[in-house]
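Peer 1: Just one file: start08.pdb, with PDB, C-alpha atoms.
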ATOM      1  CA  MET A  98       0.000   0.000   0.000
ATOM      2  CA  LYS A  99       1.201   3.508  -0.902
ATOM      3  CA  LEU A 100      -0.057   6.926   0.162
ATOM      4  CA  ILE A 101       0.073  10.020  -2.027
ATOM      5  CA  ILE A 102      -0.811  13.301  -0.354
ATOM      6  CA  GLY A 103      -1.322  16.425  -2.426
ATOM      7  CA  LEU A 104      -0.826  19.655  -0.538
ATOM      8  CA  GLY A 105      -3.110  22.625  -1.014
ATOM      9  CA  ASN A 106      -5.560  24.964   0.629
ATOM     10  CA  ILE A 107      -9.305  24.435   0.719
ATOM     11  CA  GLY A 108     -11.810  26.877  -0.727
ATOM     12  CA  LYS A 109     -12.591  28.439  -4.086
ATOM     13  CA  ALA A 110     -10.220  31.343  -3.478
ATOM     14  CA  TYR A 111      -7.257  28.944  -3.586
ATOM     15  CA  LYS A 112      -8.466  26.537  -6.284
ATOM     16  CA  ASN A 113      -5.960  27.270  -9.069
ATOM     17  CA  THR A 114      -3.183  28.928  -7.109
ATOM     18  CA  ARG A 115       0.471  27.959  -7.178
ATOM     19  CA  HIS A 116       0.251  26.687  -3.595
ATOM     20  CA  ASN A 117      -2.413  24.166  -4.698
ATOM     21  CA  VAL A 118      -0.234  22.238  -7.132
ATOM     22  CA  GLY A 119      -0.659  19.098  -5.017
ATOM     23  CA  PHE A 120      -4.456  19.283  -5.206
ATOM     24  CA  ILE A 121      -4.367  20.105  -8.924
ATOM     25  CA  LEU A 122      -2.195  17.101  -9.806
ATOM     26  CA  LEU A 123      -4.174  14.668  -7.656
ATOM     27  CA  ASP A 124      -7.445  15.954  -9.115
ATOM     28  CA  GLU A 125      -6.048  15.482 -12.612
ATOM     29  CA  TYR A 126      -4.899  11.927 -11.809
ATOM     30  CA  ALA A 127      -8.281  11.087 -10.259
ATOM     31  CA  SER A 128     -10.092  12.469 -13.305
ATOM     32  CA  GLN A 129      -7.936  10.468 -15.738
ATOM     33  CA  ASN A 130      -8.675   7.288 -13.762
ATOM     34  CA  ASN A 131     -12.402   7.960 -13.153
ATOM     35  CA  LEU A 132     -11.913   8.147  -9.389
ATOM     36  CA  SER A 133     -14.241  10.020  -7.081
ATOM     37  CA  TRP A 134     -13.291  11.730  -3.850
ATOM     38  CA  LYS A 135     -14.935  10.888  -0.532
ATOM     39  CA  THR A 136     -14.670  12.820   2.706
ATOM     40  CA  ASP A 137     -12.864  10.990   5.505
ATOM     41  CA  LYS A 138     -13.686  12.962   8.660
ATOM     42  CA  LYS A 139     -11.101  11.201  10.829
ATOM     43  CA  ALA A 140      -8.335  11.886   8.313
ATOM     44  CA  GLN A 141      -9.709  15.399   7.731
ATOM     45  CA  ALA A 142      -9.218  14.798   4.027
ATOM     46  CA  LYS A 143     -10.773  13.992   0.694
ATOM     47  CA  VAL A 144      -9.580  10.495  -0.184
ATOM     48  CA  THR A 145      -9.820   8.024  -3.025
ATOM     49  CA  GLN A 146      -8.077   4.765  -3.865
ATOM     50  CA  TYR A 147      -6.640   3.296  -7.060
ATOM     51  CA  ASN A 148      -5.385  -0.272  -6.745
ATOM     52  CA  ASP A 149      -2.946  -0.212  -3.825
ATOM     53  CA  ILE A 150      -2.571   3.579  -3.786
ATOM     54  CA  ILE A 151      -4.495   5.878  -1.458
ATOM     55  CA  LEU A 152      -4.666   9.481  -2.621
ATOM     56  CA  ALA A 153      -5.477  12.224  -0.133
ATOM     57  CA  LYS A 154      -6.127  15.948  -0.178
ATOM     58  CA  PRO A 155      -5.998  17.341   3.383
ATOM     59  CA  GLN A 156      -8.931  19.609   4.216
ATOM     60  CA  THR A 157      -7.109  21.291   7.092
ATOM     61  CA  MET A 158      -5.387  24.052   5.128
ATOM     62  CA  MET A 159      -1.786  23.702   3.997
ATOM     63  CA  ASN A 160       0.049  24.273   7.260
ATOM     64  CA  ARG A 161      -1.852  21.499   9.097
ATOM     65  CA  SER A 162      -1.379  18.768   6.485
ATOM     66  CA  GLY A 163       0.410  16.585   9.013
ATOM     67  CA  ILE A 164      -2.949  15.672  10.590
ATOM     68  CA  THR A 165      -3.934  13.801   7.426
ATOM     69  CA  ALA A 166      -0.491  12.283   6.871
ATOM     70  CA  GLY A 167      -0.244  11.036  10.447
ATOM     71  CA  TYR A 168      -3.739   9.574  10.569
ATOM     72  CA  LEU A 169      -3.698   7.782   7.205
ATOM     73  CA  SER A 170      -0.186   6.390   7.585
ATOM     74  CA  ALA A 171      -1.068   4.989  11.039
ATOM     75  CA  TYR A 172      -4.525   3.695  10.088
ATOM     76  CA  PHE A 173      -3.324   1.869   6.960
ATOM     77  CA  LYS A 174       0.079   0.988   8.489
ATOM     78  CA  ILE A 175       1.931   2.653   5.626
ATOM     79  CA  PRO A 176       5.645   3.133   6.332
ATOM     80  CA  SER A 177       7.078   6.577   5.661
ATOM     81  CA  GLU A 178       9.118   5.358   2.673
ATOM     82  CA  LYS A 179       5.817   4.490   0.916
ATOM     83  CA  ILE A 180       4.471   8.045   1.311
ATOM     84  CA  LEU A 181       4.701  10.629  -1.457
ATOM     85  CA  LEU A 182       3.996  14.283  -0.749
ATOM     86  CA  VAL A 183       3.153  16.413  -3.812
ATOM     87  CA  HIS A 184       3.685  20.142  -3.361
ATOM     88  CA  ASP A 185       4.717  23.461  -4.866
ATOM     89  CA  ASP A 186       8.291  24.695  -4.743
ATOM     90  CA  VAL A 187       9.434  28.254  -5.432
ATOM     91  CA  ASP A 188      13.062  27.143  -5.691
ATOM     92  CA  LEU A 189      12.368  25.188  -8.888
ATOM     93  CA  ALA A 190      11.668  26.798 -12.244
ATOM     94  CA  PHE A 191       8.061  26.733 -13.390
ATOM     95  CA  ALA A 192       6.873  23.155 -14.182
ATOM     96  CA  GLN A 193      10.274  21.662 -13.302
ATOM     97  CA  THR A 194       9.921  18.653 -11.020
ATOM     98  CA  LYS A 195      12.159  16.900  -8.567
ATOM     99  CA  LEU A 196      11.583  13.617  -6.751
ATOM    100  CA  GLN A 197      13.461  13.421  -3.452
ATOM    101  CA  LYS A 198      13.457  11.412  -0.265
ATOM    102  CA  GLY A 199      14.573  12.326   3.231
ATOM    103  CA  VAL A 200      15.123  16.064   2.820
ATOM    104  CA  GLY A 201      14.072  18.925   5.073
ATOM    105  CA  PRO A 202      11.153  21.299   4.477
ATOM    106  CA  ALA A 203      13.237  24.155   2.994
ATOM    107  CA  GLY A 204      10.804  26.663   4.481
ATOM    108  CA  HIS A 205       7.620  24.947   3.256
ATOM    109  CA  LYS A 206       5.282  24.980   6.255
ATOM    110  CA  GLY A 207       3.007  22.224   4.904
ATOM    111  CA  VAL A 208       5.978  19.890   4.473
ATOM    112  CA  GLU A 209       7.279  20.881   7.910
ATOM    113  CA  ASP A 210       3.951  19.928   9.504
ATOM    114  CA  VAL A 211       4.055  16.513   7.821
ATOM    115  CA  ILE A 212       7.615  15.947   9.081
ATOM    116  CA  VAL A 213       6.524  16.812  12.627
ATOM    117  CA  SER A 214       3.472  14.541  12.418
ATOM    118  CA  LEU A 215       5.306  11.558  10.939
ATOM    119  CA  LYS A 216       8.309  12.180  13.219
ATOM    120  CA  THR A 217      10.573  11.648  10.225
ATOM    121  CA  LYS A 218      11.592  13.205   6.946
ATOM    122  CA  ASN A 219      12.132   9.741   5.454
ATOM    123  CA  PHE A 220       9.321  10.042   2.911
ATOM    124  CA  TRP A 221       9.218  10.966  -0.754
ATOM    125  CA  ARG A 222       8.521  14.467  -2.016
ATOM    126  CA  PHE A 223       7.470  15.342  -5.544
ATOM    127  CA  ARG A 224       8.408  18.993  -5.762
ATOM    128  CA  VAL A 225       6.706  20.931  -8.554
ATOM    129  CA  GLY A 226       8.273  24.205  -9.537
ATOM    130  CA  VAL A 227       6.197  27.367  -9.471
ATOM    131  CA  GLY A 228       9.237  29.619  -9.786
ATOM    132  CA  ARG A 229       9.645  32.984  -8.164
ATOM    133  CA  PRO A 230       7.987  36.234  -9.187
ATOM    134  CA  LYS A 231       9.855  38.308 -11.750
ATOM    135  CA  ASN A 232       8.981  41.373  -9.697
ATOM    136  CA  GLU A 233      11.125  41.211  -6.558
ATOM    137  CA  GLN A 234       8.619  43.487  -4.784
ATOM    138  CA  ILE A 235       6.127  40.583  -4.651
ATOM    139  CA  ASP A 236       6.358  38.627  -1.400
ATOM    140  CA  THR A 237       6.822  34.845  -1.758
ATOM    141  CA  GLU A 238       3.685  34.190   0.295
ATOM    142  CA  ASP A 239       1.631  36.415  -2.015
ATOM    143  CA  TRP A 240       3.218  34.733  -5.050
ATOM    144  CA  VAL A 241       2.284  31.182  -4.068
ATOM    145  CA  LEU A 242      -1.273  32.306  -3.344
ATOM    146  CA  SER A 243      -1.594  33.892  -6.780
ATOM    147  CA  GLY A 244      -3.391  32.087  -9.577
ATOM    148  CA  PHE A 245      -1.954  30.383 -12.619
ATOM    149  CA  SER A 246      -2.683  31.766 -16.056
ATOM    150  CA  PRO A 247      -4.795  29.389 -18.189
ATOM    151  CA  GLN A 248      -1.668  28.396 -20.144
ATOM    152  CA  GLU A 249       0.327  27.761 -16.973
ATOM    153  CA  LEU A 250      -2.507  25.683 -15.518
ATOM    154  CA  ASP A 251      -2.603  23.516 -18.656
ATOM    155  CA  GLU A 252       1.155  22.989 -18.420
ATOM    156  CA  ILE A 253       0.915  22.041 -14.736
ATOM    157  CA  LYS A 254      -1.922  19.582 -15.437
ATOM    158  CA  ASP A 255       0.313  17.837 -17.988
ATOM    159  CA  ILE A 256       2.820  16.873 -15.271
ATOM    160  CA  GLN A 257       2.621  13.158 -14.514
ATOM    161  CA  LEU A 258       2.795  11.913 -10.953
ATOM    162  CA  PRO A 259       5.654   9.443 -10.372
ATOM    163  CA  ILE A 260       3.235   6.690  -9.363
ATOM    164  CA  GLY A 261       5.628   3.789  -9.854
ATOM    165  CA  GLY A 262       8.807   5.729  -9.270
ATOM    166  CA  TYR A 263       8.911   5.935  -5.510
TER     167      TYR A 263
END
Let me see the structure of the file written as structure tokens.
Peer 2:
Amino acid sequence: MKLIIGLGNIGKAYKNTRHNVGFILLDEYASQNNLSWKTDKKAQAKVTQYNDIILAKPQTMMNRSGITAGYLSAYFKIPSEKILLVHDDVDLAFAQTKLQKGVGPAGHKGVEDVIVSLKTKNFWRFRVGVGRPKNEQIDTEDWVLSGFSPQELDEIKDIQLPIGGY
């Protein structure tokens, strides 16, 4: 059994923002595989399953994503090395991806909360680049909460999750 958690914020205001890359990619994967989301109140997440993979979108807001990670990994007895966290990364160029295991949060509060909850950083991360703003006056927090252009959103949706690669 594997667990893939997409990070994002709940609510229409955040739907297609850079910070919601995890939700966007999991929604795209679910759509391509005709999966439907169900609310799991104990996990505080929207969840679905495809074969031996559980997909989850925490409904706690980004910085409390560890609640979902901790609950689902314990309930399904999924070891940390079988967990994949999908999230935005301002340190990667737009649409660039990087699959890593066992690295620190690098300032990402959602990732940090998962590390605290799991009591380890020994899990996989699929980092999806959202780049940095060209205008240095724009704060990073404001940047990640800004929306994608339609073209950018299409490009992001084309990114394939590394389902078998972790």
Peer 1: Would you write out, as CSV, a table of all residues in range 123-165 of chain A that have an atom no more than 12 Å from an atom of range 204-209 of chain A, listing for each the closest atom pair and the distance in Å to one decimal, considering only C-alpha atoms and ordering rows by chain and rising residue number?
Peer 2:
residue,atom,partner,partner_atom,distance
A:Pro155,CA,A:Gly207,CA,10.4
A:Thr157,CA,A:Gly207,CA,10.4
A:Met158,CA,A:Gly207,CA,8.6
A:Met159,CA,A:Gly207,CA,5.1
A:Asn160,CA,A:Gly207,CA,4.3
A:Arg161,CA,A:Gly207,CA,6.5
A:Ser162,CA,A:Gly207,CA,5.8
A:Gly163,CA,A:Gly207,CA,7.4
A:Ile164,CA,A:Gly207,CA,10.5
A:Thr165,CA,A:Gly207,CA,11.2
Peer 1: Tell me which residues the PyMOL selection byres ((chain A and resi 146) around 12) grabs here, as a PDB file with C-alpha atoms, in the frame of the given file.
Peer 2:
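The file below, selection-v9.pdb, is the result:
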ATOM      1  CA  MET A  98       0.000   0.000   0.000  1.00  0.00           C
ATOM      2  CA  LYS A  99       1.201   3.508  -0.902  1.00  0.00           C
ATOM      3  CA  LEU A 100      -0.057   6.926   0.162  1.00  0.00           C
ATOM      4  CA  ILE A 101       0.073  10.020  -2.027  1.00  0.00           C
ATOM      5  CA  ILE A 102      -0.811  13.301  -0.354  1.00  0.00           C
ATOM      6  CA  LEU A 123      -4.174  14.668  -7.656  1.00  0.00           C
ATOM      7  CA  TYR A 126      -4.899  11.927 -11.809  1.00  0.00           C
ATOM      8  CA  ALA A 127      -8.281  11.087 -10.259  1.00  0.00           C
ATOM      9  CA  ASN A 130      -8.675   7.288 -13.762  1.00  0.00           C
ATOM     10  CA  ASN A 131     -12.402   7.960 -13.153  1.00  0.00           C
ATOM     11  CA  LEU A 132     -11.913   8.147  -9.389  1.00  0.00           C
ATOM     12  CA  SER A 133     -14.241  10.020  -7.081  1.00  0.00           C
ATOM     13  CA  TRP A 134     -13.291  11.730  -3.850  1.00  0.00           C
ATOM     14  CA  LYS A 135     -14.935  10.888  -0.532  1.00  0.00           C
ATOM     15  CA  LYS A 143     -10.773  13.992   0.694  1.00  0.00           C
ATOM     16  CA  VAL A 144      -9.580  10.495  -0.184  1.00  0.00           C
ATOM     17  CA  THR A 145      -9.820   8.024  -3.025  1.00  0.00           C
ATOM     18  CA  TYR A 147      -6.640   3.296  -7.060  1.00  0.00           C
ATOM     19  CA  ASN A 148      -5.385  -0.272  -6.745  1.00  0.00           C
ATOM     20  CA  ASP A 149      -2.946  -0.212  -3.825  1.00  0.00           C
ATOM     21  CA  ILE A 150      -2.571   3.579  -3.786  1.00  0.00           C
ATOM     22  CA  ILE A 151      -4.495   5.878  -1.458  1.00  0.00           C
ATOM     23  CA  LEU A 152      -4.666   9.481  -2.621  1.00  0.00           C
ATOM     24  CA  ALA A 153      -5.477  12.224  -0.133  1.00  0.00           C
ATOM     25  CA  LYS A 154      -6.127  15.948  -0.178  1.00  0.00           C
TER      26      LYS A 154
END
Peer 1: Evaluate the PyMOL selection byres ((chain A and resi 235-241) around 7) here and jot the selected residues down as a ChimeraX atom specification.
Peer 2: /A:114-116,230,232-234,242-243
Peer 1: Closest to Val211 in chain A among A:Lys109, A:Arg229, A:His184, A:Lys138, using all atoms listed in the file?
Peer 2: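 For Val211 in chain A, the nearest of the candidates is A:His184.
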Peer 1: Pick out the residues sitting within 7 Å of Val183 in chain A, and hand them over as a ChimeraX atom specification; count only C-alpha atoms, and ignore anything fewer than 2 positions along from it in its own chain.
Peer 2: /A:102-104,119,181,222-224
Peer 1: Return the single residue from A:Gly244, A:Gln156, A:Ala166, A:Asp186 that is closest to Asp210 in chain A, with distances computed using all atoms listed in the file.
Peer 2: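 Checking each candidate against Asp210 in chain A, we get A:Ala166 as the closest.
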Peer 1: Have a look at A:Ala140, A:Ile175, A:Val118, A:Ile107 and name the one nearest to Asp255 in chain A; count only C-alpha atoms.
Peer 2: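 Checking each of A:Ala140, A:Ile175, A:Val118, A:Ile107 against Asp255 in chain A, counting only C-alpha atoms, the winner is A:Val118.
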